[in-house]
$ cat final-v7.cif   # mmCIF, C-alpha atoms
data_my_file
loop_
_atom_site.group_PDB
_atom_site.id
_atom_site.type_symbol
_atom_site.label_atom_id
_atom_site.label_comp_id
_atom_site.auth_asym_id
_atom_site.auth_seq_id
_atom_site.Cartn_x
_atom_site.Cartn_y
_atom_site.Cartn_z
ATOM 1 C CA MET A 1 0.000 0.000 0.000
ATOM 2 C CA ARG A 2 1.122 3.531 -0.814
ATOM 3 C CA ARG A 3 0.412 6.250 1.736
ATOM 4 C CA VAL A 4 -0.176 9.661 0.119
ATOM 5 C CA LEU A 5 -0.424 12.816 2.236
ATOM 6 C CA VAL A 6 -2.532 15.714 0.928
ATOM 7 C CA PRO A 7 -2.040 18.365 3.652
ATOM 8 C CA GLN A 8 -4.318 20.997 2.079
ATOM 9 C CA ALA A 9 -7.506 20.420 0.139
ATOM 10 C CA ILE A 10 -7.259 20.101 -3.636
ATOM 11 C CA ASP A 11 -9.926 19.940 -6.313
ATOM 12 C CA PRO A 12 -12.143 16.832 -6.066
ATOM 13 C CA ALA A 13 -11.023 15.796 -9.547
ATOM 14 C CA GLY A 14 -7.469 15.531 -8.251
ATOM 15 C CA MET A 15 -8.570 13.487 -5.265
ATOM 16 C CA GLU A 16 -10.392 11.141 -7.624
ATOM 17 C CA VAL A 17 -7.120 10.471 -9.469
ATOM 18 C CA LEU A 18 -5.580 9.298 -6.177
ATOM 19 C CA ARG A 19 -8.366 6.860 -5.396
ATOM 20 C CA HIS A 20 -6.961 3.384 -5.960
ATOM 21 C CA PRO A 21 -7.097 0.065 -4.059
ATOM 22 C CA GLU A 22 -3.358 0.358 -3.347
ATOM 23 C CA VAL A 23 -3.448 3.966 -2.093
ATOM 24 C CA ILE A 24 -4.263 5.292 1.376
ATOM 25 C CA ILE A 25 -4.995 9.040 1.297
ATOM 26 C CA LEU A 26 -4.098 11.028 4.426
ATOM 27 C CA GLY A 27 -5.081 14.625 5.234
ATOM 28 C CA PRO A 28 -6.003 17.381 5.252
ATOM 29 C CA LEU A 29 -4.055 18.831 8.171
ATOM 30 C CA SER A 30 -4.998 21.754 10.381
ATOM 31 C CA SER A 31 -1.781 23.755 10.053
ATOM 32 C CA PRO A 32 1.755 23.653 8.615
ATOM 33 C CA ASP A 33 3.039 22.807 12.106
ATOM 34 C CA GLU A 34 1.593 19.303 11.698
ATOM 35 C CA LEU A 35 3.302 18.623 8.381
ATOM 36 C CA SER A 36 6.655 17.225 9.537
ATOM 37 C CA ALA A 37 5.131 14.635 11.845
ATOM 38 C CA ALA A 38 2.506 13.647 9.270
ATOM 39 C CA MET A 39 5.199 13.023 6.641
ATOM 40 C CA ARG A 40 7.186 10.465 8.650
ATOM 41 C CA GLU A 41 5.381 7.373 7.381
ATOM 42 C CA VAL A 42 4.170 8.408 3.920
ATOM 43 C CA ASP A 43 5.367 7.515 0.440
ATOM 44 C CA ALA A 44 4.269 10.742 -1.259
ATOM 45 C CA VAL A 45 3.193 14.295 -0.464
ATOM 46 C CA LEU A 46 1.029 16.504 -2.674
ATOM 47 C CA ILE A 47 1.958 19.992 -1.503
ATOM 48 C CA ARG A 48 0.531 23.426 -2.233
ATOM 49 C CA LEU A 49 2.170 26.439 -0.484
ATOM 50 C CA TRP A 50 3.132 25.078 2.930
ATOM 51 C CA PRO A 51 6.924 24.791 3.416
ATOM 52 C CA ILE A 52 8.604 21.389 3.483
ATOM 53 C CA SER A 53 11.860 21.629 5.418
ATOM 54 C CA GLY A 54 14.980 19.576 5.021
ATOM 55 C CA GLU A 55 14.392 18.138 8.482
ATOM 56 C CA ALA A 56 10.924 16.941 7.471
ATOM 57 C CA ILE A 57 12.337 15.315 4.340
ATOM 58 C CA ARG A 58 15.161 13.603 6.218
ATOM 59 C CA SER A 59 12.714 12.272 8.827
ATOM 60 C CA ALA A 60 10.322 10.875 6.207
ATOM 61 C CA ARG A 61 12.033 7.512 5.764
ATOM 62 C CA ARG A 62 9.473 6.162 3.271
ATOM 63 C CA LEU A 63 9.151 9.322 1.183
ATOM 64 C CA LYS A 64 9.711 8.803 -2.544
ATOM 65 C CA VAL A 65 7.978 11.715 -4.306
ATOM 66 C CA ILE A 66 6.755 15.260 -3.616
ATOM 67 C CA ALA A 67 4.239 16.579 -6.137
ATOM 68 C CA LYS A 68 3.971 20.369 -6.210
ATOM 69 C CA HIS A 69 0.499 21.772 -6.848
ATOM 70 C CA GLY A 70 1.903 24.547 -9.061
ATOM 71 C CA VAL A 71 5.311 25.323 -10.511
ATOM 72 C CA GLY A 72 7.269 27.228 -7.851
ATOM 73 C CA THR A 73 9.371 24.918 -5.681
ATOM 74 C CA ASP A 74 10.859 27.518 -3.332
ATOM 75 C CA ASN A 75 8.760 26.073 -0.478
ATOM 76 C CA ILE A 76 10.540 22.701 -0.828
ATOM 77 C CA ASP A 77 14.098 22.001 0.323
ATOM 78 C CA LEU A 78 15.319 20.680 -3.026
ATOM 79 C CA GLU A 79 18.838 19.959 -1.796
ATOM 80 C CA ALA A 80 17.445 17.680 0.928
ATOM 81 C CA CYS A 81 15.316 15.956 -1.711
ATOM 82 C CA ARG A 82 18.356 15.457 -3.921
ATOM 83 C CA LYS A 83 20.383 13.926 -1.107
ATOM 84 C CA ARG A 84 17.543 11.595 -0.135
ATOM 85 C CA GLY A 85 16.669 10.705 -3.726
ATOM 86 C CA VAL A 86 13.149 12.132 -3.404
ATOM 87 C CA HIS A 87 11.600 12.916 -6.781
ATOM 88 C CA VAL A 88 9.946 16.357 -7.093
ATOM 89 C CA THR A 89 7.328 17.072 -9.760
ATOM 90 C CA ILE A 90 5.547 20.259 -10.815
ATOM 91 C CA THR A 91 2.372 20.918 -12.782
ATOM 92 C CA GLU A 92 4.158 22.316 -15.793
ATOM 93 C CA THR A 93 1.268 23.262 -18.063
ATOM 94 C CA ALA A 94 -1.666 23.726 -15.690
ATOM 95 C CA ASN A 95 -1.545 27.478 -15.061
ATOM 96 C CA ARG A 96 0.615 29.145 -17.721
ATOM 97 C CA GLY A 97 -2.363 30.590 -19.607
ATOM 98 C CA THR A 98 -4.079 31.476 -16.336
ATOM 99 C CA VAL A 99 -1.203 33.639 -15.132
ATOM 100 C CA SER A 100 -0.883 35.179 -18.592
ATOM 101 C CA GLU A 101 -4.522 36.297 -18.464
ATOM 102 C CA TYR A 102 -3.931 37.792 -15.022
ATOM 103 C CA VAL A 103 -1.011 39.842 -16.342
ATOM 104 C CA LEU A 104 -3.095 41.194 -19.230
ATOM 105 C CA GLY A 105 -5.765 42.291 -16.784
ATOM 106 C CA ALA A 106 -3.174 43.786 -14.446
ATOM 107 C CA LEU A 107 -1.556 45.815 -17.212
ATOM 108 C CA ILE A 108 -4.860 47.283 -18.335
ATOM 109 C CA THR A 109 -6.188 47.907 -14.827
ATOM 110 C CA VAL A 110 -3.131 49.702 -13.454
ATOM 111 C CA ALA A 111 -2.486 51.741 -16.602
ATOM 112 C CA ARG A 112 -6.078 53.005 -16.669
ATOM 113 C CA HIS A 113 -6.022 54.038 -12.963
ATOM 114 C CA TRP A 114 -9.024 51.798 -12.390
ATOM 115 C CA LYS A 115 -8.710 51.664 -8.595
ATOM 116 C CA ALA A 116 -8.419 55.435 -8.084
ATOM 117 C CA ALA A 117 -11.193 56.162 -10.574
ATOM 118 C CA GLU A 118 -13.500 53.655 -8.903
ATOM 119 C CA GLU A 119 -12.832 55.098 -5.447
ATOM 120 C CA ALA A 120 -13.477 58.621 -6.718
ATOM 121 C CA LEU A 121 -16.752 57.598 -8.325
ATOM 122 C CA LYS A 122 -17.961 55.797 -5.198
ATOM 123 C CA ALA A 123 -17.144 58.958 -3.206
ATOM 124 C CA GLY A 124 -19.445 60.952 -5.495
ATOM 125 C CA ASP A 125 -16.667 62.497 -7.580
ATOM 126 C CA TYR A 126 -17.865 61.857 -11.126
ATOM 127 C CA GLU A 127 -15.563 64.567 -12.438
ATOM 128 C CA GLY A 128 -12.653 62.312 -11.543
ATOM 129 C CA ARG A 129 -13.135 61.010 -15.055
ATOM 130 C CA ILE A 130 -11.203 63.989 -16.414
ATOM 131 C CA ARG A 131 -8.255 63.433 -14.031
ATOM 132 C CA TYR A 132 -7.637 59.754 -14.605
ATOM 133 C CA TYR A 133 -6.408 59.638 -18.149
ATOM 134 C CA GLY A 134 -4.773 56.302 -18.692
ATOM 135 C CA THR A 135 -2.206 54.706 -20.969
ATOM 136 C CA GLU A 136 -2.822 52.536 -24.032
ATOM 137 C CA TRP A 137 -0.569 49.540 -24.602
ATOM 138 C CA ALA A 138 -0.701 49.428 -28.391
ATOM 139 C CA GLY A 139 2.740 50.364 -29.656
ATOM 140 C CA LYS A 140 4.247 50.510 -26.159
ATOM 141 C CA THR A 141 7.118 48.252 -25.051
ATOM 142 C CA ILE A 142 6.492 45.577 -22.436
ATOM 143 C CA GLY A 143 9.478 43.780 -20.919
ATOM 144 C CA VAL A 144 9.065 40.100 -20.047
ATOM 145 C CA VAL A 145 11.678 38.936 -17.536
ATOM 146 C CA GLY A 146 11.810 35.150 -17.681
ATOM 147 C CA TYR A 147 10.922 33.199 -20.813
ATOM 148 C CA GLY A 148 9.806 29.925 -19.336
ATOM 149 C CA ARG A 149 6.352 28.401 -19.701
ATOM 150 C CA ILE A 150 4.494 31.515 -18.524
ATOM 151 C CA GLY A 151 6.696 33.988 -20.375
ATOM 152 C CA ARG A 152 6.226 32.056 -23.617
ATOM 153 C CA SER A 153 2.473 31.857 -23.066
ATOM 154 C CA LEU A 154 2.217 35.554 -22.258
ATOM 155 C CA THR A 155 4.204 36.950 -25.190
ATOM 156 C CA PRO A 156 1.725 36.194 -28.007
ATOM 157 C CA ARG A 157 -1.087 37.579 -25.863
ATOM 158 C CA LEU A 158 0.816 40.844 -25.475
ATOM 159 C CA VAL A 159 1.493 41.004 -29.208
ATOM 160 C CA HIS A 160 -1.903 39.980 -30.550
ATOM 161 C CA GLY A 161 -4.077 41.094 -27.642
ATOM 162 C CA LEU A 162 -2.498 44.426 -26.723
ATOM 163 C CA HIS A 163 -0.573 45.069 -29.972
ATOM 164 C CA ALA A 164 2.502 45.849 -27.884
ATOM 165 C CA GLN A 165 6.186 45.571 -28.610
ATOM 166 C CA VAL A 166 7.799 42.909 -26.408
ATOM 167 C CA LEU A 167 11.342 42.768 -25.061
ATOM 168 C CA VAL A 168 12.423 39.459 -23.513
ATOM 169 C CA TYR A 169 15.270 38.765 -21.104
ATOM 170 C CA ASP A 170 16.250 35.290 -19.937
ATOM 171 C CA PRO A 171 19.901 34.216 -19.908
ATOM 172 C CA TYR A 172 18.995 30.548 -19.427
ATOM 173 C CA VAL A 173 16.963 29.797 -22.553
ATOM 174 C CA PRO A 174 18.214 29.563 -26.150
ATOM 175 C CA ARG A 175 17.363 32.479 -28.402
ATOM 176 C CA ASP A 176 15.913 30.257 -31.107
ATOM 177 C CA ILE A 177 12.795 29.618 -28.997
ATOM 178 C CA LEU A 178 11.792 33.291 -29.113
ATOM 179 C CA MET A 179 8.424 33.950 -30.709
ATOM 180 C CA ASP A 180 9.045 34.661 -34.401
ATOM 181 C CA HIS A 181 7.381 38.034 -34.781
ATOM 182 C CA PRO A 182 8.757 41.492 -35.663
ATOM 183 C CA GLN A 183 7.266 42.948 -32.444
ATOM 184 C CA VAL A 184 9.275 40.546 -30.247
ATOM 185 C CA GLN A 185 12.974 41.063 -29.546
ATOM 186 C CA TRP A 186 15.624 39.836 -27.139
ATOM 187 C CA ALA A 187 17.116 42.331 -24.702
ATOM 188 C CA ASP A 188 20.897 42.147 -24.433
ATOM 189 C CA SER A 189 20.745 42.620 -20.665
ATOM 190 C CA LEU A 190 18.245 43.104 -17.877
ATOM 191 C CA ASP A 191 19.267 46.737 -17.500
ATOM 192 C CA ALA A 192 18.720 47.298 -21.222
ATOM 193 C CA LEU A 193 15.217 45.872 -20.854
ATOM 194 C CA VAL A 194 14.193 47.972 -17.866
ATOM 195 C CA LYS A 195 15.517 51.169 -19.463
ATOM 196 C CA ALA A 196 13.458 50.591 -22.620
ATOM 197 C CA ALA A 197 10.217 49.114 -21.273
ATOM 198 C CA ASP A 198 7.021 50.989 -20.474
ATOM 199 C CA ALA A 199 6.072 48.053 -18.268
ATOM 200 C CA VAL A 200 8.020 45.123 -16.846
ATOM 201 C CA THR A 201 6.397 41.828 -15.882
ATOM 202 C CA LEU A 202 8.325 39.249 -13.843
ATOM 203 C CA HIS A 203 8.202 35.494 -14.515
ATOM 204 C CA THR A 204 11.333 34.045 -12.949
ATOM 205 C CA PRO A 205 11.706 31.491 -10.165
ATOM 206 C CA LEU A 206 13.023 32.625 -6.802
ATOM 207 C CA THR A 207 16.721 31.768 -6.609
ATOM 208 C CA PRO A 208 19.759 33.376 -4.957
ATOM 209 C CA GLU A 209 20.329 35.128 -8.294
ATOM 210 C CA THR A 210 16.811 36.562 -8.560
ATOM 211 C CA TYR A 211 16.430 37.526 -4.887
ATOM 212 C CA ARG A 212 16.014 41.345 -4.821
ATOM 213 C CA MET A 213 16.679 41.423 -8.564
ATOM 214 C CA PHE A 214 14.528 44.552 -8.560
ATOM 215 C CA ASP A 215 16.200 46.585 -5.841
ATOM 216 C CA ALA A 216 16.419 50.366 -5.540
ATOM 217 C CA ALA A 217 19.186 50.602 -8.133
ATOM 218 C CA ARG A 218 17.314 48.610 -10.757
ATOM 219 C CA LEU A 219 13.974 50.300 -10.104
ATOM 220 C CA ALA A 220 15.741 53.634 -10.603
ATOM 221 C CA LYS A 221 16.816 52.480 -14.059
ATOM 222 C CA MET A 222 13.220 51.902 -15.173
ATOM 223 C CA LYS A 223 11.648 54.521 -17.411
ATOM 224 C CA PRO A 224 9.892 57.344 -15.549
ATOM 225 C CA GLY A 225 6.209 56.485 -15.365
ATOM 226 C CA ALA A 226 6.754 52.780 -16.140
ATOM 227 C CA PHE A 227 4.712 50.013 -14.528
ATOM 228 C CA LEU A 228 5.875 46.873 -12.689
ATOM 229 C CA ILE A 229 3.930 43.598 -12.475
ATOM 230 C CA ASN A 230 5.069 40.835 -10.119
ATOM 231 C CA ALA A 231 3.130 37.578 -10.281
ATOM 232 C CA ALA A 232 6.255 35.467 -9.738
ATOM 233 C CA ARG A 233 7.678 35.530 -6.191
ATOM 234 C CA GLY A 234 7.640 38.361 -3.660
ATOM 235 C CA PRO A 235 11.333 38.473 -2.674
ATOM 236 C CA ILE A 236 12.351 39.247 -6.270
ATOM 237 C CA VAL A 237 11.306 42.861 -5.599
ATOM 238 C CA ASP A 238 12.565 44.967 -2.696
ATOM 239 C CA PRO A 239 9.288 46.219 -1.165
ATOM 240 C CA VAL A 240 10.842 49.255 0.544
ATOM 241 C CA ALA A 241 12.463 50.363 -2.707
ATOM 242 C CA LEU A 242 9.184 49.822 -4.536
ATOM 243 C CA VAL A 243 7.316 52.041 -2.061
ATOM 244 C CA ASP A 244 9.913 54.758 -2.621
ATOM 245 C CA ALA A 245 9.663 54.450 -6.408
ATOM 246 C CA LEU A 246 5.869 54.728 -6.293
ATOM 247 C CA THR A 247 5.729 57.496 -3.695
ATOM 248 C CA SER A 248 8.210 59.603 -5.661
ATOM 249 C CA HIS A 249 6.139 58.897 -8.805
ATOM 250 C CA HIS A 250 9.210 57.566 -10.580
ATOM 251 C CA LEU A 251 7.027 54.558 -11.378
ATOM 252 C CA GLY A 252 3.536 55.068 -12.700
ATOM 253 C CA GLY A 253 2.142 52.092 -10.826
ATOM 254 C CA ALA A 254 2.603 48.471 -9.862
ATOM 255 C CA VAL A 255 0.604 45.276 -9.427
ATOM 256 C CA LEU A 256 1.698 42.684 -6.867
ATOM 257 C CA ASP A 257 0.225 39.221 -6.509
ATOM 258 C CA VAL A 258 3.097 38.016 -4.318
ATOM 259 C CA PHE A 259 4.824 39.423 -1.245
ATOM 260 C CA ASP A 260 7.759 39.130 1.124
ATOM 261 C CA PRO A 261 6.831 37.781 3.580
ATOM 262 C CA GLU A 262 3.716 35.913 2.581
ATOM 263 C CA PRO A 263 1.125 36.471 3.833
ATOM 264 C CA PRO A 264 2.026 40.174 4.041
ATOM 265 C CA LEU A 265 2.088 41.936 7.389
ATOM 266 C CA ALA A 266 -0.867 44.095 8.369
ATOM 267 C CA ASP A 267 1.345 47.187 8.699
ATOM 268 C CA ASN A 268 3.123 46.624 5.382
ATOM 269 C CA PRO A 269 4.285 50.009 4.029
ATOM 270 C CA LEU A 270 3.101 48.930 0.585
ATOM 271 C CA TRP A 271 -0.472 49.618 1.641
ATOM 272 C CA GLU A 272 0.224 53.366 1.619
ATOM 273 C CA ALA A 273 1.869 53.466 -1.810
ATOM 274 C CA PRO A 274 0.000 55.265 -4.617
ATOM 275 C CA ASN A 275 -1.321 53.429 -7.688
ATOM 276 C CA LEU A 276 -0.494 50.025 -6.274
ATOM 277 C CA LEU A 277 -2.880 47.140 -6.917
ATOM 278 C CA VAL A 278 -2.525 44.018 -4.784
ATOM 279 C CA THR A 279 -4.064 40.548 -4.844
ATOM 280 C CA PRO A 280 -3.447 37.601 -2.473
ATOM 281 C CA HIS A 281 -1.407 35.246 -4.712
ATOM 282 C CA ILE A 282 -4.320 34.456 -7.033
ATOM 283 C CA ALA A 283 -2.733 34.854 -10.476
ATOM 284 C CA ALA A 284 -2.984 31.091 -10.988
ATOM 285 C CA SER A 285 -6.263 30.699 -9.120
ATOM 286 C CA THR A 286 -9.149 29.994 -11.428
ATOM 287 C CA HIS A 287 -11.537 27.071 -11.114
ATOM 288 C CA GLU A 288 -10.078 25.584 -14.268
ATOM 289 C CA ALA A 289 -6.412 25.997 -13.328
ATOM 290 C CA VAL A 290 -6.849 24.725 -9.772
ATOM 291 C CA GLN A 291 -8.559 21.641 -11.134
ATOM 292 C CA ARG A 292 -5.770 21.066 -13.661
ATOM 293 C CA MET A 293 -3.083 21.517 -10.991
ATOM 294 C CA GLY A 294 -4.783 19.033 -8.686
ATOM 295 C CA VAL A 295 -5.210 16.464 -11.431
ATOM 296 C CA GLU A 296 -1.660 16.835 -12.781
ATOM 297 C CA ALA A 297 -0.054 16.698 -9.335
ATOM 298 C CA ALA A 298 -2.066 13.629 -8.352
ATOM 299 C CA ALA A 299 -1.347 11.940 -11.679
ATOM 300 C CA SER A 300 2.401 12.468 -11.239
ATOM 301 C CA ILE A 301 2.270 10.573 -7.945
ATOM 302 C CA MET A 302 0.281 7.719 -9.430
ATOM 303 C CA GLN A 303 2.620 7.516 -12.416
ATOM 304 C CA HIS A 304 5.659 7.452 -10.161
ATOM 305 C CA PHE A 305 4.312 4.331 -8.452
ATOM 306 C CA HIS A 306 3.124 2.814 -11.770
ATOM 307 C CA LEU A 307 -0.494 2.976 -10.657
ATOM 308 C CA ARG A 308 -1.544 5.029 -13.666
ATOM 309 C CA GLU A 309 -0.396 5.223 -17.259
ATOM 310 C CA GLY A 310 1.341 8.439 -18.379
#
$ encode --input "final-v7.cif" --output "structure tokens"
Amino acid sequence: MRRVLVPQAIDPAGMEVLRHPEVIILGPLSSPDELSAAMREVDAVLIRLWPISGEAIRSARRLKVIAKHGVGTDNIDLEACRKRGVHVTITETANRGTVSEYVLGALITVARHWKAAEEALKAGDYEGRIRYYGTEWAGKTIGVVGYGRIGRSLTPRLVHGLHAQVLVYDPYVPRDILMDHPQVQWADSLDALVKAADAVTLHTPLTPETYRMFDAARLAKMKPGAFLINAARGPIVDPVALVDALTSHHLGGAVLDVFDPEPPLADNPLWEAPNLLVTPHIAASTHEAVQRMGVEAAASIMQHFHLREG
């Protein structure tokens, strides 16, 4: 029998994939504090956002596979998994289009001052309509930092949906995979991208290299009035520097779906920044995407144990 721990609820369709005469499903748990003890006698874990420490992995003597419900693995101690021979899977294709749609909406919403205009209208200030002139994206340059699954899904939407020019920066992918279109170009460096872009959208994993990639110095290099979208990982952007860039109006606005720490603190200085839109890590959260992530994560576990065909 294979013991599979599902600490947090997933879509019922994903749970159905796990149902098998040779599988015992454990969970959900009440809190992340219970995770380490619950892992000690299981063969697999299907994890969402709760952290899995190296200590928990080393103590889980039967553990063979961790299936991530999503694509970011920064909540899993990958080095501990490597040393123990624990296989880690991600749901590679489940949410790339979902996040791309979120970014399109974010770009339009922040550039049209939607939040401020709505608040003015609700306060009875209909004449706010003549103060909140927005920005069109047709013909503007949008920088895509990270050309993985989401970056490649987003680029044609920016070109065909917004009729924008797109600059791409990713030193880890070959240039021949770039979308073949005259509106899409490689940037020679990250600084070259931020200096040229009217908006920058981040789609990199969180690594030592990308931690605080957008610090005060890099934010200062962005075009005056440019916009920043972060639906990747919170620590990529220095929040204090971002507040300064927004408060000084060097940046025209920003949209954050991720934070450092997460969840964000109640007294986070970001809350006072002008033209900042925030959402609670929902860029990949649609009914359809959550179902796909649950099914793909569950299927990867079953395939690992040869209980389901690939």
$ residues_around --input "final-v7.cif" --residues "A:Val17" --least-positions-apart "4" --cutoff "12 Å" --atoms "all atoms listed in the file" --output "list in words"
Val4, Ile10, Asp11, Pro12, Ala13, Pro21, Val23, Ile25, Gln291, Arg292, Met293, Gly294, Val295, Glu296, Ala297, Ala298, Ala299, Ser300, Ile301, Met302, Gln303, Leu307, Arg308 and Glu309 of chain A
$ axis_aligned_box --input "final-v7.cif" --around "stretch 278-296 of chain A" --padding-each-side "6 Å" --output "AutoDock Vina command-line options"
--center_x -6.5 --center_y 30.2 --center_z -8.4 --size_x 22.1 --size_y 39.6 --size_z 23.8
$ closest_atom_pairs --input "final-v7.cif" --of "stretch 136-200 of chain A" --to "stretch 102-113 of chain A" --cutoff "12 Å" --atoms "all atoms listed in the file" --output "JSON lines"
{"residue": "A:Glu136", "atom": "CA", "partner": "A:Ala111", "partner_atom": "CA", "distance": 7.5}
{"residue": "A:Trp137", "atom": "CA", "partner": "A:Ile108", "partner_atom": "CA", "distance": 7.9}
{"residue": "A:Ala138", "atom": "CA", "partner": "A:Ile108", "partner_atom": "CA", "distance": 11.1}
{"residue": "A:Lys140", "atom": "CA", "partner": "A:Leu107", "partner_atom": "CA", "distance": 11.7}
{"residue": "A:Thr141", "atom": "CA", "partner": "A:Leu107", "partner_atom": "CA", "distance": 11.9}
{"residue": "A:Ile142", "atom": "CA", "partner": "A:Leu107", "partner_atom": "CA", "distance": 9.6}
{"residue": "A:Gly143", "atom": "CA", "partner": "A:Leu107", "partner_atom": "CA", "distance": 11.8}
{"residue": "A:Val144", "atom": "CA", "partner": "A:Val103", "partner_atom": "CA", "distance": 10.7}
{"residue": "A:Ile150", "atom": "CA", "partner": "A:Val103", "partner_atom": "CA", "distance": 10.2}
{"residue": "A:Gly151", "atom": "CA", "partner": "A:Val103", "partner_atom": "CA", "distance": 10.5}
{"residue": "A:Ser153", "atom": "CA", "partner": "A:Val103", "partner_atom": "CA", "distance": 11.0}
{"residue": "A:Leu154", "atom": "CA", "partner": "A:Val103", "partner_atom": "CA", "distance": 8.0}
{"residue": "A:Thr155", "atom": "CA", "partner": "A:Leu104", "partner_atom": "CA", "distance": 10.3}
{"residue": "A:Pro156", "atom": "CA", "partner": "A:Leu104", "partner_atom": "CA", "distance": 11.2}
{"residue": "A:Arg157", "atom": "CA", "partner": "A:Leu104", "partner_atom": "CA", "distance": 7.8}
{"residue": "A:Leu158", "atom": "CA", "partner": "A:Leu104", "partner_atom": "CA", "distance": 7.4}
{"residue": "A:Val159", "atom": "CA", "partner": "A:Leu104", "partner_atom": "CA", "distance": 11.0}
{"residue": "A:His160", "atom": "CA", "partner": "A:Leu104", "partner_atom": "CA", "distance": 11.4}
{"residue": "A:Gly161", "atom": "CA", "partner": "A:Leu104", "partner_atom": "CA", "distance": 8.5}
{"residue": "A:Leu162", "atom": "CA", "partner": "A:Leu104", "partner_atom": "CA", "distance": 8.2}
{"residue": "A:His163", "atom": "CA", "partner": "A:Leu104", "partner_atom": "CA", "distance": 11.7}
{"residue": "A:Ala164", "atom": "CA", "partner": "A:Leu104", "partner_atom": "CA", "distance": 11.3}
{"residue": "A:Asp198", "atom": "CA", "partner": "A:Ala111", "partner_atom": "CA", "distance": 10.3}
{"residue": "A:Ala199", "atom": "CA", "partner": "A:Leu107", "partner_atom": "CA", "distance": 8.0}
{"residue": "A:Val200", "atom": "CA", "partner": "A:Leu107", "partner_atom": "CA", "distance": 9.6}
$ atom_distance --input "final-v7.cif" --atom1 "atom CA of A:Ser248" --atom2 "atom CA of A:Pro224"
10.3 Å
$ resolve_selection --input "final-v7.cif" --expression "the PyMOL selection byres ((chain A and resi 43) around 7)" --output "PyMOL selection string"
chain A and resi 2-4+41-42+44+62-65
$ atom_distance --input "final-v7.cif" --atom1 "atom CA of A:His69" --atom2 "atom CA of A:Leu46"
6.7 Å
$ resolve_selection --input "final-v7.cif" --expression "the PyMOL selection byres ((chain A and resi 206-213) around 10)" --output "MDAnalysis selection string"
chainID A and resid 72:74 190 203:205 214:219 232:239 241
$ atom_distance --input "final-v7.cif" --atom1 "atom CA of A:Gly134" --atom2 "atom CA of A:Val258"
24.6 Å
$ residues_around --input "final-v7.cif" --residues "stretch 124-130 of chain A" --least-positions-apart "6" --cutoff "12 Å" --atoms "only C-alpha atoms" --output "number ranges by chain"
A: 112-118
$ residues_around --input "final-v7.cif" --residues "A:Trp50" --least-positions-apart "4" --cutoff "10 Å" --atoms "all atoms listed in the file" --output "CSV table (one decimal) with C-alpha atoms, in the coordinates of the input"
chain,number,residue,atom,x,y,z
A,7,PRO,CA,-2.0,18.4,3.7
A,8,GLN,CA,-4.3,21.0,2.1
A,31,SER,CA,-1.8,23.8,10.1
A,32,PRO,CA,1.8,23.7,8.6
A,33,ASP,CA,3.0,22.8,12.1
A,35,LEU,CA,3.3,18.6,8.4
A,75,ASN,CA,8.8,26.1,-0.5
A,76,ILE,CA,10.5,22.7,-0.8
